[in-house]
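Trainee: The structure under discussion is supplied below as structure tokens; questions concerning it will follow.
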Amino acid sequence: MAIVECYARRRNTLYHVEGVDDRARSPCVGGLVRFARPGVSLPLTDVTETLPPVPGLTYLRDYLDAAAHDALLAHIDSQPWHPVNGERRIQFYGYWYNHAKGGMYRIGDLPDWALPVAERLERDGLTPVVADQLIVNEYVPGQGIRPHVDLPDAFGPAIVSVSLGSSCVMEFTHVQHGTRAILLEPHSALVMTGEARQVWQHSIPARAADEWMGRTWPRSRRVSLTFRKSIASIH
Ligand SMILES: O=C(O)CCC(=O)C(=O)O
């Protein structure tokens with residue numbers, strides 16, 4: 001299937017169109033956990049360099065242990081990939097927002113290897129409900145994703161990106177407050193809620209290495225899992 005990633009400039013959103021053509025460190029708080037339940041205690045890490053954190057952004061270092069991380073990668077690599085714009089590859093599960101057809105389409109349940117992560121995110125108070133949509137993105141060094149806000153009318157208030165394989169710097173940009181960079185390490189989870197989810201654009205610059213805290217972090221293959229709740233199934 002040919003998938004084209006489209007950028008809606010007016011709404012700063014990215015969406016995927018199918019079948020069109022092939023051209024498109026120390027523990028502290030990095031943001032509020034809005035859905036946290038009493039009794040849930042999670043290690044939070046503030047990794048934005050020196051600037052104030054982005055409101056609604058929470059970074060959880062080592063959210064996955066090594067066994068869970070490696071098992072997820074193995075499951076993902078046994079599944080078919082779809083090229084986006086003829087280059088970067090993705091997998092998608094649960095729901096598929098098809099802009100060409102103008103709506104959200106259910107394509108099945110989250111797979112057995114992904115559902116426990118979605119359930120754990122909800123149990124840990126990081127998402128208000130169990131996510132039912134997952135996009136898996138693969139980035140080889142030099143690849144990135146352009147600035148966007150995940151469609152606010154298609155997906156719920158919390159979005160979580162789990163990183164596997166490699167670090168990368170993700171940038172958050174606000175029209176008034178400028179850009180903040182955050183290092184995403186393999187095994188981590190990044191939770192976007194509130195302003196971080198609704199207002200700030202996030203992106204991964206397309207480059208082979210990142211500069212972070214005075215150090216160069218070469219990239220290798222990174223695979224991310226983005227968990228979302230489709231609004232279609234909320235109502
Ligand atoms: O790779 C990531 O961590 C983010 C992916 C993303 O922003 C998206 O799929 O919309």
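Ordering of the structure tokens sets the chain letters (A, B, ...); residue numbers start at 1 within each chain; ligands are numbered from 1 in the order shown.
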Can you pull out the residues contacting region 105-113 of chain A? Cut-off 8 Å, using only C-alpha atoms, and skip same-chain residues under 2 positions away; I want them as JSON, numbers by chain.
Mentor: {"A": [72, 75, 93, 94, 95, 96, 97, 98, 103, 115, 116, 117, 132, 133, 134]}
Trainee: Taking only C-alpha atoms and all ligand atoms into account, which residues are within 9 Å of ligand 1, as a PyMOL selection string?
Mentor: chain A and resi 13-15+90+134-139+144-151+160-163+168+170+184+189-190+202-204+222-227
Trainee: So the first atom is CA of Leu121 (chain A) and the second is CA of Gly56 (chain A); what is the distance between them in Å, to one decimal place?
Mentor: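 Spanning CA of Leu121 (chain A) to CA of Gly56 (chain A) is a straight-line distance of 15.8 Å.
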Trainee: Tell me, as a list in words, which residues lie within 9 Å of His69 (chain A), counting only C-alpha atoms; anything in the same chain fewer than 6 positions away does not count.
Mentor: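 Surrounding residues, per the criterion: Ser163, Leu164, Gly165, Pro186 and His187 of chain A.
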Trainee: In Å, rounded to a single decimal, give me how far CA of Pro80 (chain A) is from CA of Pro141 (chain A).
Mentor: 20.6 Å
Trainee: Restricting the calculation to only C-alpha atoms: of A:Ile76, A:Ile159, A:Ala114, A:Leu126, which residue gets closest to Gln198 (chain A)?
Mentor: A:Ile159
Trainee: Where in region 44-202 of chain A does DSSP assign strand (DSSP E), given as an MDAnalysis selection string?
Mentor: chainID A and resid 57:60 82:83 89:93 95:98 103:106 133:139 145:148 159:164 168:174 178:184 189:192 201:202
Trainee: Since we have the selection now, will you write its residues out, keeping C-alpha atoms, as a tab-separated table (two decimals), in the first residue's frame?
Mentor:
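Generated file (selection_23.tsv):
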```
chain	number	residue	atom	x	y	z
A	57	LEU	CA	5.13	17.06	28.65
A	58	THR	CA	6.32	14.16	30.78
A	59	TYR	CA	9.43	12.12	30.09
A	60	LEU	CA	9.87	8.71	31.68
A	82	HIS	CA	4.48	0.36	4.84
A	83	PRO	CA	6.73	2.96	3.22
A	89	ARG	CA	8.42	3.11	7.09
A	90	ILE	CA	5.41	2.78	9.39
A	91	GLN	CA	3.00	0.21	10.77
A	92	PHE	CA	-0.45	1.12	12.03
A	93	TYR	CA	-2.92	-0.73	14.21
A	95	TYR	CA	-7.70	2.74	13.81
A	96	TRP	CA	-6.60	4.43	10.68
A	97	TYR	CA	-7.34	8.07	10.03
A	98	ASN	CA	-7.84	8.19	6.29
A	103	GLY	CA	-12.65	9.75	8.66
A	104	MET	CA	-11.41	7.25	11.18
A	105	TYR	CA	-11.64	3.61	10.21
A	106	ARG	CA	-11.31	0.72	12.60
A	133	GLN	CA	-4.58	3.22	18.01
A	134	LEU	CA	-0.88	2.70	17.43
A	135	ILE	CA	1.51	4.01	14.83
A	136	VAL	CA	4.95	2.47	14.68
A	137	ASN	CA	7.52	4.72	13.04
A	138	GLU	CA	10.96	3.63	11.91
A	139	TYR	CA	13.76	6.17	11.48
A	145	ILE	CA	9.33	13.76	11.10
A	146	ARG	CA	8.23	17.30	10.34
A	147	PRO	CA	6.62	19.65	12.88
A	148	HIS	CA	3.01	18.81	13.58
A	159	ILE	CA	-0.41	10.79	23.29
A	160	VAL	CA	2.50	8.59	24.32
A	161	SER	CA	5.60	7.87	22.31
A	162	VAL	CA	7.74	4.91	23.40
A	163	SER	CA	11.29	4.81	22.00
A	164	LEU	CA	13.19	1.71	20.93
A	168	CYS	CA	17.03	11.15	19.04
A	169	VAL	CA	16.25	14.73	19.89
A	170	MET	CA	12.62	15.75	19.55
A	171	GLU	CA	11.84	19.43	19.20
A	172	PHE	CA	8.75	21.21	20.53
A	173	THR	CA	7.92	24.53	18.93
A	174	HIS	CA	5.50	27.21	20.05
A	178	GLY	CA	10.17	29.26	20.51
A	179	THR	CA	11.69	25.78	20.44
A	180	ARG	CA	12.61	23.37	23.24
A	181	ALA	CA	14.62	20.23	22.56
A	182	ILE	CA	14.31	17.01	24.51
A	183	LEU	CA	16.44	13.88	24.26
A	184	LEU	CA	14.42	10.70	23.84
A	189	ALA	CA	8.16	6.97	27.21
A	190	LEU	CA	7.18	10.53	26.39
A	191	VAL	CA	3.69	11.63	27.38
A	192	MET	CA	2.10	14.62	25.66
A	201	GLN	CA	4.24	21.25	17.43
A	202	HIS	CA	6.62	18.32	17.79
```
Trainee: I need the residues of region 126-203 of chain A that end up classed as alpha helix (DSSP H) by DSSP on the backbone, written out as number ranges by chain.
Mentor: A: 194-198
Trainee: Between CA of Gly102 (chain A) and CA of Ala154 (chain A), measure the distance and give it in Å to one decimal.
Mentor: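 Straight-line distance from CA of Gly102 (chain A) to CA of Ala154 (chain A) works out to 10.7 Å.
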Trainee: Near Glu195 (chain A), counting only C-alpha atoms, which residues have an atom at most 8 Å away, once you skip same-chain residues fewer than 2 positions from it, shown as number ranges by chain?
Mentor: A: 54-56, 193, 197-200
Trainee: Check the smallest atom-to-atom distance from each of A:Pro152, A:Pro128, A:Gly142, A:Pro218 to Arg88 (chain A) using only C-alpha atoms, then report the winner.
Mentor: A:Gly142
Trainee: Restricting the calculation to only C-alpha atoms: of A:Asn85, A:Gln79, A:Thr127, A:Ser188, which residue gets closest to Lys229 (chain A)?
Mentor: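 Of the candidates, the smallest distance to Lys229 (chain A) is held by A:Thr127.
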